[in-house]
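*Asks:* File model-v4.pdb below, PDB, C-alpha atoms:
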```
ATOM      1  CA  MET A 998     206.957 251.432 136.992
ATOM      2  CA  ASP A 999     210.504 250.081 136.895
ATOM      3  CA  ILE A1000     213.528 252.286 136.363
ATOM      4  CA  LYS A1001     214.010 251.277 132.715
ATOM      5  CA  LYS A1002     210.462 252.390 131.934
ATOM      6  CA  ASP A1003     211.280 255.586 133.864
ATOM      7  CA  ILE A1004     214.374 256.086 131.709
ATOM      8  CA  GLN A1005     212.428 255.574 128.475
ATOM      9  CA  GLU A1006     209.690 257.963 129.602
ATOM     10  CA  GLN A1007     212.066 260.640 130.903
ATOM     11  CA  PHE A1008     214.443 260.588 127.940
ATOM     12  CA  GLY A1009     211.650 260.098 125.434
ATOM     13  CA  LYS A1010     210.037 263.380 126.378
ATOM     14  CA  ASN A1011     213.358 265.244 126.778
ATOM     15  CA  ALA A1012     215.279 263.853 123.783
ATOM     16  CA  ALA A1013     215.683 267.143 121.926
ATOM     17  CA  SER A1014     217.005 268.987 124.995
ATOM     18  CA  TYR A1015     219.836 266.451 125.319
ATOM     19  CA  VAL A1016     221.063 267.137 121.794
ATOM     20  CA  SER A1017     221.304 270.874 122.569
ATOM     21  CA  SER A1018     222.370 270.585 126.246
ATOM     22  CA  PRO A1019     225.728 272.423 126.737
ATOM     23  CA  ILE A1020     226.967 269.878 129.331
ATOM     24  CA  HIS A1021     226.426 267.053 126.816
ATOM     25  CA  LYS A1022     227.358 268.994 123.692
ATOM     26  CA  ASP A1023     230.334 271.123 124.726
ATOM     27  CA  GLY A1024     231.938 269.295 127.631
ATOM     28  CA  LYS A1025     235.752 269.364 127.750
ATOM     29  CA  ASP A1026     235.377 265.770 128.956
ATOM     30  CA  LEU A1027     234.426 264.710 125.424
ATOM     31  CA  VAL A1028     237.624 266.209 123.987
ATOM     32  CA  LYS A1029     239.604 264.404 126.694
ATOM     33  CA  MET A1030     237.772 261.146 125.990
ATOM     34  CA  VAL A1031     238.561 261.285 122.263
ATOM     35  CA  GLY A1032     242.176 262.193 123.017
ATOM     36  CA  MET A1033     242.615 259.181 125.313
ATOM     37  CA  ALA A1034     241.560 256.687 122.624
ATOM     38  CA  ASP A1035     244.234 254.842 120.701
ATOM     39  CA  ILE A1036     242.901 254.999 117.123
ATOM     40  CA  ASN A1037     244.272 254.013 113.715
ATOM     41  CA  GLY A1038     241.067 254.518 111.727
ATOM     42  CA  GLN A1039     240.124 250.859 111.300
ATOM     43  CA  GLU A1040     238.281 250.434 114.588
ATOM     44  CA  VAL A1041     234.703 249.297 115.042
ATOM     45  CA  LEU A1042     233.267 251.301 117.940
ATOM     46  CA  LEU A1043     230.184 250.831 120.105
ATOM     47  CA  ASP A1044     228.694 253.842 121.895
ATOM     48  CA  ILE A1045     226.407 252.648 124.696
ATOM     49  CA  ALA A1046     223.480 254.825 125.819
ATOM     50  CA  THR A1047     224.326 257.266 123.050
ATOM     51  CA  GLY A1048     221.764 259.834 124.226
ATOM     52  CA  GLY A1049     221.949 262.882 121.966
ATOM     53  CA  GLY A1050     224.712 261.170 119.970
ATOM     54  CA  HIS A1051     227.576 263.538 120.856
ATOM     55  CA  THR A1052     230.124 260.797 121.584
ATOM     56  CA  ALA A1053     229.217 258.754 118.508
ATOM     57  CA  ASN A1054     229.376 261.950 116.444
ATOM     58  CA  SER A1055     232.842 262.864 117.764
ATOM     59  CA  PHE A1056     234.301 259.448 116.962
ATOM     60  CA  ALA A1057     232.534 258.886 113.615
ATOM     61  CA  SER A1058     235.163 260.651 111.503
ATOM     62  CA  LEU A1059     238.029 258.870 113.308
ATOM     63  CA  VAL A1060     237.029 255.202 113.109
ATOM     64  CA  LYS A1061     235.752 252.779 110.478
ATOM     65  CA  LYS A1062     232.276 252.231 111.923
ATOM     66  CA  VAL A1063     230.207 253.330 114.909
ATOM     67  CA  THR A1064     227.212 251.546 116.377
ATOM     68  CA  ALA A1065     225.130 253.818 118.594
ATOM     69  CA  VAL A1066     222.826 251.989 120.990
ATOM     70  CA  ASP A1067     220.191 253.464 123.300
ATOM     71  CA  LEU A1068     217.242 252.165 125.299
ATOM     72  CA  THR A1069     214.934 254.943 124.118
ATOM     73  CA  LYS A1070     213.746 255.141 120.521
ATOM     74  CA  GLU A1071     213.123 258.910 120.708
ATOM     75  CA  MET A1072     216.737 259.474 121.805
ATOM     76  CA  LEU A1073     217.983 257.301 118.950
ATOM     77  CA  ALA A1074     215.891 259.301 116.488
ATOM     78  CA  ALA A1075     217.270 262.589 117.863
ATOM     79  CA  ALA A1076     220.846 261.240 117.744
ATOM     80  CA  LYS A1077     220.371 259.955 114.197
ATOM     81  CA  ASN A1078     219.046 263.310 113.050
ATOM     82  CA  PHE A1079     221.993 265.118 114.685
ATOM     83  CA  ILE A1080     224.725 262.754 113.411
ATOM     84  CA  LYS A1081     223.360 262.320 109.864
ATOM     85  CA  GLY A1082     222.936 266.086 109.769
ATOM     86  CA  ASN A1083     226.696 266.358 110.324
ATOM     87  CA  GLY A1084     227.298 264.167 107.273
ATOM     88  CA  HIS A1085     228.446 260.975 109.025
ATOM     89  CA  LEU A1086     227.338 257.919 107.064
ATOM     90  CA  ASN A1087     229.247 255.220 108.995
ATOM     91  CA  VAL A1088     226.995 255.195 112.058
ATOM     92  CA  GLU A1089     224.212 252.681 112.650
ATOM     93  CA  PHE A1090     221.553 253.058 115.322
ATOM     94  CA  VAL A1091     220.257 250.164 117.422
ATOM     95  CA  GLN A1092     217.693 250.161 120.203
ATOM     96  CA  GLY A1093     219.045 248.084 123.081
ATOM     97  CA  ASP A1094     219.715 247.735 126.784
ATOM     98  CA  ALA A1095     223.185 248.515 128.210
ATOM     99  CA  GLU A1096     222.792 245.586 130.617
ATOM    100  CA  GLN A1097     221.837 243.118 127.870
ATOM    101  CA  LEU A1098     223.521 244.241 124.678
ATOM    102  CA  PRO A1099     222.191 242.775 121.405
ATOM    103  CA  PHE A1100     225.694 242.089 120.029
ATOM    104  CA  SER A1101     227.988 239.080 119.689
ATOM    105  CA  ASP A1102     230.990 238.429 121.925
ATOM    106  CA  VAL A1103     234.281 240.156 121.015
ATOM    107  CA  SER A1104     232.703 242.390 118.328
ATOM    108  CA  PHE A1105     234.193 245.811 119.068
ATOM    109  CA  ASP A1106     237.629 247.410 119.267
ATOM    110  CA  ILE A1107     236.371 250.322 121.375
ATOM    111  CA  VAL A1108     233.367 250.725 123.648
ATOM    112  CA  THR A1109     232.383 254.201 124.867
ATOM    113  CA  CYS A1110     229.791 255.317 127.401
ATOM    114  CA  ARG A1111     229.358 258.943 128.437
ATOM    115  CA  ILE A1112     227.173 260.599 131.088
ATOM    116  CA  ALA A1113     224.840 257.595 131.261
ATOM    117  CA  PRO A1114     225.784 254.840 133.747
ATOM    118  CA  HIS A1115     224.256 256.755 136.661
ATOM    119  CA  HIS A1116     220.910 255.721 135.119
ATOM    120  CA  PHE A1117     221.725 251.994 135.009
ATOM    121  CA  PRO A1118     220.052 249.924 137.757
ATOM    122  CA  ASN A1119     222.701 247.196 137.520
ATOM    123  CA  VAL A1120     226.043 248.739 136.637
ATOM    124  CA  ASP A1121     227.856 245.437 137.271
ATOM    125  CA  LEU A1122     225.844 243.781 134.481
ATOM    126  CA  PHE A1123     226.687 246.717 132.212
ATOM    127  CA  ILE A1124     230.414 246.274 132.923
ATOM    128  CA  LYS A1125     230.117 242.536 132.296
ATOM    129  CA  GLU A1126     228.506 243.277 128.928
ATOM    130  CA  VAL A1127     231.245 245.779 128.026
ATOM    131  CA  TYR A1128     233.848 243.111 128.768
ATOM    132  CA  ARG A1129     231.941 240.512 126.736
ATOM    133  CA  VAL A1130     231.595 242.559 123.534
ATOM    134  CA  LEU A1131     235.138 243.972 123.596
ATOM    135  CA  LYS A1132     237.892 242.288 121.602
ATOM    136  CA  SER A1133     241.112 241.320 123.346
ATOM    137  CA  GLU A1134     243.169 244.499 123.926
ATOM    138  CA  GLY A1135     239.993 246.476 123.275
ATOM    139  CA  GLN A1136     239.496 249.849 124.918
ATOM    140  CA  PHE A1137     236.660 250.932 127.181
ATOM    141  CA  LEU A1138     236.248 254.705 127.505
ATOM    142  CA  LEU A1139     233.971 255.766 130.337
ATOM    143  CA  ASN A1140     232.850 259.232 131.331
ATOM    144  CA  ASP A1141     230.314 259.821 134.055
ATOM    145  CA  ASN A1142     229.415 262.006 136.987
ATOM    146  CA  VAL A1143     230.817 260.680 140.254
ATOM    147  CA  VAL A1144     230.347 261.480 143.921
ATOM    148  CA  PRO A1145     232.965 262.325 146.545
ATOM    149  CA  GLU A1146     234.177 259.491 148.748
ATOM    150  CA  LYS A1147     232.619 260.987 151.894
ATOM    151  CA  GLN A1148     229.229 259.423 152.600
ATOM    152  CA  GLU A1149     227.430 262.679 153.435
ATOM    153  CA  PHE A1150     228.460 264.244 150.110
ATOM    154  CA  ASP A1151     227.602 261.055 148.216
ATOM    155  CA  GLN A1152     224.123 260.981 149.740
ATOM    156  CA  PHE A1153     223.470 264.672 149.084
ATOM    157  CA  TYR A1154     224.427 264.570 145.396
ATOM    158  CA  ASN A1155     222.499 261.387 144.659
ATOM    159  CA  THR A1156     219.456 262.755 146.491
ATOM    160  CA  ILE A1157     219.299 266.008 144.520
ATOM    161  CA  GLU A1158     219.843 264.168 141.227
ATOM    162  CA  LYS A1159     216.988 261.794 142.046
ATOM    163  CA  MET A1160     214.761 264.735 143.009
ATOM    164  CA  ARG A1161     215.533 266.422 139.696
ATOM    165  CA  ASP A1162     215.329 263.274 137.567
ATOM    166  CA  TYR A1163     213.406 260.220 138.730
ATOM    167  CA  SER A1164     215.309 258.045 136.211
ATOM    168  CA  HIS A1165     218.594 258.720 138.063
ATOM    169  CA  PHE A1166     219.783 255.550 139.792
ATOM    170  CA  ARG A1167     223.183 256.258 141.350
ATOM    171  CA  ALA A1168     226.347 258.225 140.666
ATOM    172  CA  TRP A1169     229.210 256.067 141.928
ATOM    173  CA  LYS A1170     232.375 256.981 143.790
ATOM    174  CA  LYS A1171     235.683 257.070 141.904
ATOM    175  CA  SER A1172     236.939 254.190 144.056
ATOM    176  CA  GLU A1173     233.837 252.125 143.214
ATOM    177  CA  TRP A1174     234.385 252.518 139.467
ATOM    178  CA  ILE A1175     238.026 251.481 139.705
ATOM    179  CA  GLN A1176     237.171 248.491 141.883
ATOM    180  CA  LYS A1177     234.259 247.336 139.711
ATOM    181  CA  LEU A1178     236.163 247.611 136.438
ATOM    182  CA  GLU A1179     239.273 245.843 137.686
ATOM    183  CA  TYR A1180     237.157 243.153 139.329
ATOM    184  CA  SER A1181     235.511 242.485 135.939
ATOM    185  CA  GLY A1182     238.901 241.763 134.347
ATOM    186  CA  LEU A1183     239.390 245.145 132.711
ATOM    187  CA  GLU A1184     242.609 246.963 133.555
ATOM    188  CA  ILE A1185     242.527 250.682 134.378
ATOM    189  CA  PHE A1186     244.978 252.357 132.031
ATOM    190  CA  GLU A1187     244.385 256.071 132.654
ATOM    191  CA  TRP A1188     241.860 258.243 134.463
ATOM    192  CA  HIS A1189     241.189 261.908 135.057
ATOM    193  CA  ARG A1190     238.953 263.782 137.474
ATOM    194  CA  PHE A1191     237.435 267.050 136.379
ATOM    195  CA  GLU A1192     234.917 269.489 137.761
ATOM    196  CA  LYS A1193     231.508 270.224 136.292
ATOM    197  CA  THR A1194     229.543 273.389 136.900
ATOM    198  CA  PHE A1195     225.801 272.807 137.071
ATOM    199  CA  HIS A1196     223.852 276.016 136.423
ATOM    200  CA  PHE A1197     220.736 275.466 138.443
ATOM    201  CA  ASN A1198     217.995 276.824 136.160
ATOM    202  CA  PRO A1199     219.107 275.044 132.956
ATOM    203  CA  TRP A1200     219.847 271.916 135.017
ATOM    204  CA  CYS A1201     216.218 271.896 136.180
ATOM    205  CA  SER A1202     214.827 272.953 132.789
ATOM    206  CA  ASN A1203     216.521 270.009 131.061
ATOM    207  CA  MET A1204     214.166 267.725 132.992
ATOM    208  CA  LYS A1205     211.181 270.072 132.589
ATOM    209  CA  LEU A1206     210.658 270.310 136.357
ATOM    210  CA  SER A1207     207.398 271.890 137.464
ATOM    211  CA  GLU A1208     207.594 274.978 139.695
ATOM    212  CA  PRO A1209     206.571 273.014 142.836
ATOM    213  CA  GLU A1210     209.223 270.371 142.093
ATOM    214  CA  LYS A1211     211.846 273.028 141.498
ATOM    215  CA  ASN A1212     210.868 274.851 144.696
ATOM    216  CA  HIS A1213     211.083 271.614 146.691
ATOM    217  CA  LEU A1214     214.543 270.915 145.268
ATOM    218  CA  THR A1215     215.655 274.497 145.961
ATOM    219  CA  ARG A1216     214.491 274.274 149.559
ATOM    220  CA  TYR A1217     216.304 270.977 150.086
ATOM    221  CA  ILE A1218     219.572 272.432 148.774
ATOM    222  CA  LEU A1219     219.240 275.675 150.743
ATOM    223  CA  GLU A1220     218.683 273.687 153.944
ATOM    224  CA  SER A1221     221.812 271.560 153.456
ATOM    225  CA  SER A1222     224.769 271.955 155.804
ATOM    226  CA  GLN A1223     227.425 274.610 155.333
ATOM    227  CA  GLU A1224     229.942 271.801 154.790
ATOM    228  CA  ILE A1225     227.899 270.541 151.832
ATOM    229  CA  LYS A1226     227.511 274.059 150.435
ATOM    230  CA  ASP A1227     231.281 274.558 150.673
ATOM    231  CA  LYS A1228     232.102 271.165 149.177
ATOM    232  CA  PHE A1229     229.885 271.734 146.136
ATOM    233  CA  ARG A1230     230.983 275.389 145.909
ATOM    234  CA  MET A1231     227.428 276.613 145.758
ATOM    235  CA  VAL A1232     226.702 280.152 144.667
ATOM    236  CA  ILE A1233     223.439 281.349 146.228
ATOM    237  CA  GLU A1234     222.001 284.832 145.830
ATOM    238  CA  ASN A1235     218.811 286.003 147.555
ATOM    239  CA  GLU A1236     217.712 282.436 148.309
ATOM    240  CA  LYS A1237     218.239 281.504 144.663
ATOM    241  CA  ILE A1238     220.747 278.834 143.650
ATOM    242  CA  ILE A1239     222.886 280.091 140.769
ATOM    243  CA  TYR A1240     225.143 277.078 140.358
ATOM    244  CA  PHE A1241     227.038 274.329 142.145
ATOM    245  CA  VAL A1242     230.112 272.327 141.210
ATOM    246  CA  GLY A1243     230.124 268.551 140.897
ATOM    247  CA  GLU A1244     232.728 266.150 139.582
ATOM    248  CA  ALA A1245     233.152 263.514 136.912
ATOM    249  CA  ILE A1246     235.761 261.066 135.717
ATOM    250  CA  VAL A1247     236.992 260.074 132.305
ATOM    251  CA  LEU A1248     238.800 256.771 132.261
ATOM    252  CA  LYS A1249     240.234 254.269 129.860
ATOM    253  CA  ALA A1250     240.370 250.563 130.642
ATOM    254  CA  ILE A1251     241.824 247.760 128.532
ATOM    255  CA  LYS A1252     240.602 244.190 128.122
ATOM    256  CA  ARG A1253     243.739 242.113 128.555
TER
END
```
How would this structure read if it were set down as structure tokens?
*Replies:*
Amino acid sequence: MDIKKDIQEQFGKNAASYVSSPIHKDGKDLVKMVGMADINGQEVLLDIATGGGHTANSFASLVKKVTAVDLTKEMLAAAKNFIKGNGHLNVEFVQGDAEQLPFSDVSFDIVTCRIAPHHFPNVDLFIKEVYRVLKSEGQFLLNDNVVPEKQEFDQFYNTIEKMRDYSHFRAWKKSEWIQKLEYSGLEIFEWHRFEKTFHFNPWCSNMKLSEPEKNHLTRYILESSQEIKDKFRMVIENEKIIYFVGEAIVLKAIKR
């Protein structure tokens, strides 16, 4: 089974939990992302890998039109239900692949993508597609989990994410995002790092982990080095992981 089938299966069965997930629904990153956009109300916006639809929902009242695209039809249905339920009538929903977008060149003023690229098997193709569909001077707003620059920390975080969610591909380093985007021709305009607290039980429940899977993941984390535990500010009580702290970036890039 390839990773895109994995993504469709994983998100298909967990679609509803993404709409209600606090990290996706309430993140301060989403407020920051909206605040970074330069908007006059006439923009046509594309939200890639819309998931539960939170980003598309937040921008719908601010722009002329939103197109929400996702690989998984169940996620699109959940997003549509959520967004239409909030009274937004200027959002259309399209099933499509972030690495092969079903849209014409230079079609959008703004492209957004939030908490999704770590699932993409070819992030360079995704970036190329973002560049292609953006108009000149268009804005790309990205928000995703990232890993620290140190290899040991990078490996640890990506390993536990993959253990929790088999559709996880890779969380990239901050330096990798900046390099990839600028290499594509986009220009980094502004970026922010922020911390994310992952409460272990809900984090596992979101992916409906079985008890053996959860126990395996717990054991792996508990057996990690003290340096890793310190870096991710883990809180552990009686051999139970309460939470750990990861990081994410929100950035804005311009197509010049």
*Asks:* From the list A:Thr1069, A:Ser1133, A:Thr1215, A:Ser1164, which residue is nearest His1115 of chain A when using all atoms listed in the file?
*Replies:*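 That would be A:Ser1164, the residue with the smallest distance to His1115 of chain A.
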*Asks:* Between A:Gly1038, A:Pro1209, A:Gly1182, A:Gly1049, which residue has the minimum interatomic distance to Tyr1128 of chain A, considering all atoms listed in the file?
*Replies:*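 Of A:Gly1038, A:Pro1209, A:Gly1182, A:Gly1049, the one nearest Tyr1128 of chain A, counting all atoms listed in the file, is A:Gly1182.
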*Asks:* My list of candidates is A:Pro1145, A:Asn1198, A:Phe1079, A:Glu1096. Which is closest to Ile1239 of chain A when distances are computed with all atoms listed in the file?
*Replies:* A:Asn1198
*Asks:* Using only C-alpha atoms, which of the listed residues (A:Lys1193, A:Lys1211, A:Lys1252, A:Lys1061) sits closest to Arg1230 of chain A?
*Replies:*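 Of A:Lys1193, A:Lys1211, A:Lys1252, A:Lys1061, the one nearest Arg1230 of chain A is A:Lys1193, counting only C-alpha atoms.
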*Asks:* In terms of the shortest atom-to-atom distance over only C-alpha atoms, which of A:Phe1186, A:Gly1243, A:Gly1032, A:Glu1220 is closest to Asn1155 of chain A?
*Replies:*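 The closest residue to Asn1155 of chain A is A:Gly1243.
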*Asks:* Neighbours of Ser1058 of chain A within 12 Å (only C-alpha atoms; same-chain residues fewer than 3 positions away dropped), as a list in words?
*Replies:*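 Skipping anything fewer than 3 positions along the chain leaves Val1031, Ile1036, Asn1037, Gly1038, Gln1039, Glu1040, Val1041, Leu1042, Thr1052, Ala1053, Asn1054, Ser1055, Lys1061, Lys1062, Val1063, Ile1080, Asn1083, Gly1084, His1085, Leu1086, Asn1087 and Val1088 of chain A.
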*Asks:* Can you give me, as a PyMOL selection string, the residues this file yields under the PyMOL selection byres ((chain A and resi 1131) around 12)?
*Replies:* chain A and resi 1040-1044+1098+1100-1109+1124-1130+1132-1138+1182-1183+1250-1253
*Asks:* Keeping only C-alpha atoms, write those residues as a PDB file, in the coordinates of the input.
*Replies:*
```pdb
ATOM      1  CA  GLU A1040     238.281 250.434 114.588  1.00  0.00           C
ATOM      2  CA  VAL A1041     234.703 249.297 115.042  1.00  0.00           C
ATOM      3  CA  LEU A1042     233.267 251.301 117.940  1.00  0.00           C
ATOM      4  CA  LEU A1043     230.184 250.831 120.105  1.00  0.00           C
ATOM      5  CA  ASP A1044     228.694 253.842 121.895  1.00  0.00           C
ATOM      6  CA  LEU A1098     223.521 244.241 124.678  1.00  0.00           C
ATOM      7  CA  PHE A1100     225.694 242.089 120.029  1.00  0.00           C
ATOM      8  CA  SER A1101     227.988 239.080 119.689  1.00  0.00           C
ATOM      9  CA  ASP A1102     230.990 238.429 121.925  1.00  0.00           C
ATOM     10  CA  VAL A1103     234.281 240.156 121.015  1.00  0.00           C
ATOM     11  CA  SER A1104     232.703 242.390 118.328  1.00  0.00           C
ATOM     12  CA  PHE A1105     234.193 245.811 119.068  1.00  0.00           C
ATOM     13  CA  ASP A1106     237.629 247.410 119.267  1.00  0.00           C
ATOM     14  CA  ILE A1107     236.371 250.322 121.375  1.00  0.00           C
ATOM     15  CA  VAL A1108     233.367 250.725 123.648  1.00  0.00           C
ATOM     16  CA  THR A1109     232.383 254.201 124.867  1.00  0.00           C
ATOM     17  CA  ILE A1124     230.414 246.274 132.923  1.00  0.00           C
ATOM     18  CA  LYS A1125     230.117 242.536 132.296  1.00  0.00           C
ATOM     19  CA  GLU A1126     228.506 243.277 128.928  1.00  0.00           C
ATOM     20  CA  VAL A1127     231.245 245.779 128.026  1.00  0.00           C
ATOM     21  CA  TYR A1128     233.848 243.111 128.768  1.00  0.00           C
ATOM     22  CA  ARG A1129     231.941 240.512 126.736  1.00  0.00           C
ATOM     23  CA  VAL A1130     231.595 242.559 123.534  1.00  0.00           C
ATOM     24  CA  LYS A1132     237.892 242.288 121.602  1.00  0.00           C
ATOM     25  CA  SER A1133     241.112 241.320 123.346  1.00  0.00           C
ATOM     26  CA  GLU A1134     243.169 244.499 123.926  1.00  0.00           C
ATOM     27  CA  GLY A1135     239.993 246.476 123.275  1.00  0.00           C
ATOM     28  CA  GLN A1136     239.496 249.849 124.918  1.00  0.00           C
ATOM     29  CA  PHE A1137     236.660 250.932 127.181  1.00  0.00           C
ATOM     30  CA  LEU A1138     236.248 254.705 127.505  1.00  0.00           C
ATOM     31  CA  GLY A1182     238.901 241.763 134.347  1.00  0.00           C
ATOM     32  CA  LEU A1183     239.390 245.145 132.711  1.00  0.00           C
ATOM     33  CA  ALA A1250     240.370 250.563 130.642  1.00  0.00           C
ATOM     34  CA  ILE A1251     241.824 247.760 128.532  1.00  0.00           C
ATOM     35  CA  LYS A1252     240.602 244.190 128.122  1.00  0.00           C
ATOM     36  CA  ARG A1253     243.739 242.113 128.555  1.00  0.00           C
TER      37      ARG A1253
END
```
*Asks:* Atom CA of Asp1162 of chain A and atom CA of Glu1208 of chain A, how far apart in Å?
*Replies:*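 A separation of 14.2 Å between them.
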*Asks:* Using Å and a single decimal, report how far atom CA of Gly1093 of chain A sits from atom CA of Met1204 of chain A.
*Replies:* 22.5 Å
*Asks:* Once the PyMOL selection byres ((chain A and resi 1196) around 12) has been applied to the shown file, what residues remain in the selection, as a PDB file with C-alpha atoms, in the coordinates of the input?
*Replies:*
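Below is the file that was written, selection_27.pdb:
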```
ATOM      1  CA  SER A1018     222.370 270.585 126.246  1.00  0.00           C
ATOM      2  CA  PRO A1019     225.728 272.423 126.737  1.00  0.00           C
ATOM      3  CA  ILE A1020     226.967 269.878 129.331  1.00  0.00           C
ATOM      4  CA  LYS A1193     231.508 270.224 136.292  1.00  0.00           C
ATOM      5  CA  THR A1194     229.543 273.389 136.900  1.00  0.00           C
ATOM      6  CA  PHE A1195     225.801 272.807 137.071  1.00  0.00           C
ATOM      7  CA  PHE A1197     220.736 275.466 138.443  1.00  0.00           C
ATOM      8  CA  ASN A1198     217.995 276.824 136.160  1.00  0.00           C
ATOM      9  CA  PRO A1199     219.107 275.044 132.956  1.00  0.00           C
ATOM     10  CA  TRP A1200     219.847 271.916 135.017  1.00  0.00           C
ATOM     11  CA  CYS A1201     216.218 271.896 136.180  1.00  0.00           C
ATOM     12  CA  SER A1202     214.827 272.953 132.789  1.00  0.00           C
ATOM     13  CA  ASN A1203     216.521 270.009 131.061  1.00  0.00           C
ATOM     14  CA  ARG A1230     230.983 275.389 145.909  1.00  0.00           C
ATOM     15  CA  MET A1231     227.428 276.613 145.758  1.00  0.00           C
ATOM     16  CA  VAL A1232     226.702 280.152 144.667  1.00  0.00           C
ATOM     17  CA  ILE A1233     223.439 281.349 146.228  1.00  0.00           C
ATOM     18  CA  LYS A1237     218.239 281.504 144.663  1.00  0.00           C
ATOM     19  CA  ILE A1238     220.747 278.834 143.650  1.00  0.00           C
ATOM     20  CA  ILE A1239     222.886 280.091 140.769  1.00  0.00           C
ATOM     21  CA  TYR A1240     225.143 277.078 140.358  1.00  0.00           C
ATOM     22  CA  PHE A1241     227.038 274.329 142.145  1.00  0.00           C
ATOM     23  CA  VAL A1242     230.112 272.327 141.210  1.00  0.00           C
ATOM     24  CA  GLY A1243     230.124 268.551 140.897  1.00  0.00           C
TER      25      GLY A1243
END
```
*Asks:* In terms of the shortest atom-to-atom distance over all atoms listed in the file, which of A:Asn1235, A:Gln1092, A:Gln1097, A:Gln1223 is closest to Phe1150 of chain A?
*Replies:* A:Gln1223
*Asks:* What does the distance from atom CA of Arg1161 of chain A to atom CA of Val1144 of chain A come to in Å, to one decimal?
*Replies:* 16.2 Å
*Asks:* Give me, as JSON, numbers by chain, all polymer residues having an atom no more than 9 Å from Ile1185 of chain A, counting all atoms listed in the file and skipping those fewer than 6 positions away in the same chain.
*Replies:* {"A": [1175, 1178, 1179, 1248, 1249, 1250, 1251]}
*Asks:* Please produce a file of those selected residues containing C-alpha atoms, as a compact mmCIF listing (two decimals), in the frame of the given file.
*Replies:*
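Once written, selection-v4.txt looks like this:
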```
# COMPACT_ATOMS: atom_id res chain seq x y z
CA ILE A 1175 238.03 251.48 139.71
CA LEU A 1178 236.16 247.61 136.44
CA GLU A 1179 239.27 245.84 137.69
CA LEU A 1248 238.80 256.77 132.26
CA LYS A 1249 240.23 254.27 129.86
CA ALA A 1250 240.37 250.56 130.64
CA ILE A 1251 241.82 247.76 128.53
```
*Asks:* Translate the PyMOL selection byres ((chain A and resi 1118) around 10) into a concrete residue list for this structure, as a list of chain:residue names.
*Replies:*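 Given this file, the PyMOL selection byres ((chain A and resi 1118) around 10) evaluates to A:Asp999, A:Ile1000, A:Lys1001, A:Glu1096, A:Pro1114, A:His1115, A:His1116, A:Phe1117, A:Asn1119, A:Val1120, A:Asp1121, A:Leu1122, A:Phe1123, A:Ser1164, A:His1165, A:Phe1166, A:Arg1167.
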*Asks:* How would segment 1136-1147 of chain A of the given structure read as a file with N, CA and C atoms, as a PDB file, in the first residue's frame?
*Replies:*
```
ATOM      1  N   GLN A1136       0.552  35.063  -2.402  1.00  0.00           N
ATOM      2  CA  GLN A1136       1.079  34.709  -1.074  1.00  0.00           C
ATOM      3  C   GLN A1136       0.879  33.218  -0.794  1.00  0.00           C
ATOM      4  N   PHE A1137       1.919  32.603  -0.255  1.00  0.00           N
ATOM      5  CA  PHE A1137       1.819  31.231   0.227  1.00  0.00           C
ATOM      6  C   PHE A1137       1.974  31.254   1.739  1.00  0.00           C
ATOM      7  N   LEU A1138       0.952  30.752   2.436  1.00  0.00           N
ATOM      8  CA  LEU A1138       0.960  30.700   3.899  1.00  0.00           C
ATOM      9  C   LEU A1138       1.043  29.244   4.327  1.00  0.00           C
ATOM     10  N   LEU A1139       2.142  28.908   4.966  1.00  0.00           N
ATOM     11  CA  LEU A1139       2.414  27.533   5.377  1.00  0.00           C
ATOM     12  C   LEU A1139       2.458  27.445   6.893  1.00  0.00           C
ATOM     13  N   ASN A1140       1.889  26.385   7.412  1.00  0.00           N
ATOM     14  CA  ASN A1140       1.988  26.099   8.844  1.00  0.00           C
ATOM     15  C   ASN A1140       2.145  24.591   8.988  1.00  0.00           C
ATOM     16  N   ASP A1141       3.235  24.165   9.589  1.00  0.00           N
ATOM     17  CA  ASP A1141       3.380  22.733   9.812  1.00  0.00           C
ATOM     18  C   ASP A1141       4.320  22.460  10.975  1.00  0.00           C
ATOM     19  N   ASN A1142       4.186  21.265  11.519  1.00  0.00           N
ATOM     20  CA  ASN A1142       5.111  20.802  12.542  1.00  0.00           C
ATOM     21  C   ASN A1142       6.498  20.673  11.915  1.00  0.00           C
ATOM     22  N   VAL A1143       7.505  21.041  12.677  1.00  0.00           N
ATOM     23  CA  VAL A1143       8.890  20.913  12.210  1.00  0.00           C
ATOM     24  C   VAL A1143       9.695  20.175  13.272  1.00  0.00           C
ATOM     25  N   VAL A1144      10.905  19.783  12.879  1.00  0.00           N
ATOM     26  CA  VAL A1144      11.800  19.120  13.829  1.00  0.00           C
ATOM     27  C   VAL A1144      12.996  20.019  14.108  1.00  0.00           C
ATOM     28  N   PRO A1145      13.631  19.837  15.269  1.00  0.00           N
ATOM     29  CA  PRO A1145      14.854  20.581  15.560  1.00  0.00           C
ATOM     30  C   PRO A1145      15.950  20.234  14.548  1.00  0.00           C
ATOM     31  N   GLU A1146      16.927  21.100  14.473  1.00  0.00           N
ATOM     32  CA  GLU A1146      18.011  20.919  13.494  1.00  0.00           C
ATOM     33  C   GLU A1146      18.920  19.732  13.847  1.00  0.00           C
ATOM     34  N   LYS A1147      19.001  19.392  15.118  1.00  0.00           N
ATOM     35  CA  LYS A1147      19.885  18.300  15.543  1.00  0.00           C
ATOM     36  C   LYS A1147      19.318  16.952  15.100  1.00  0.00           C
TER      37      LYS A1147
END
```
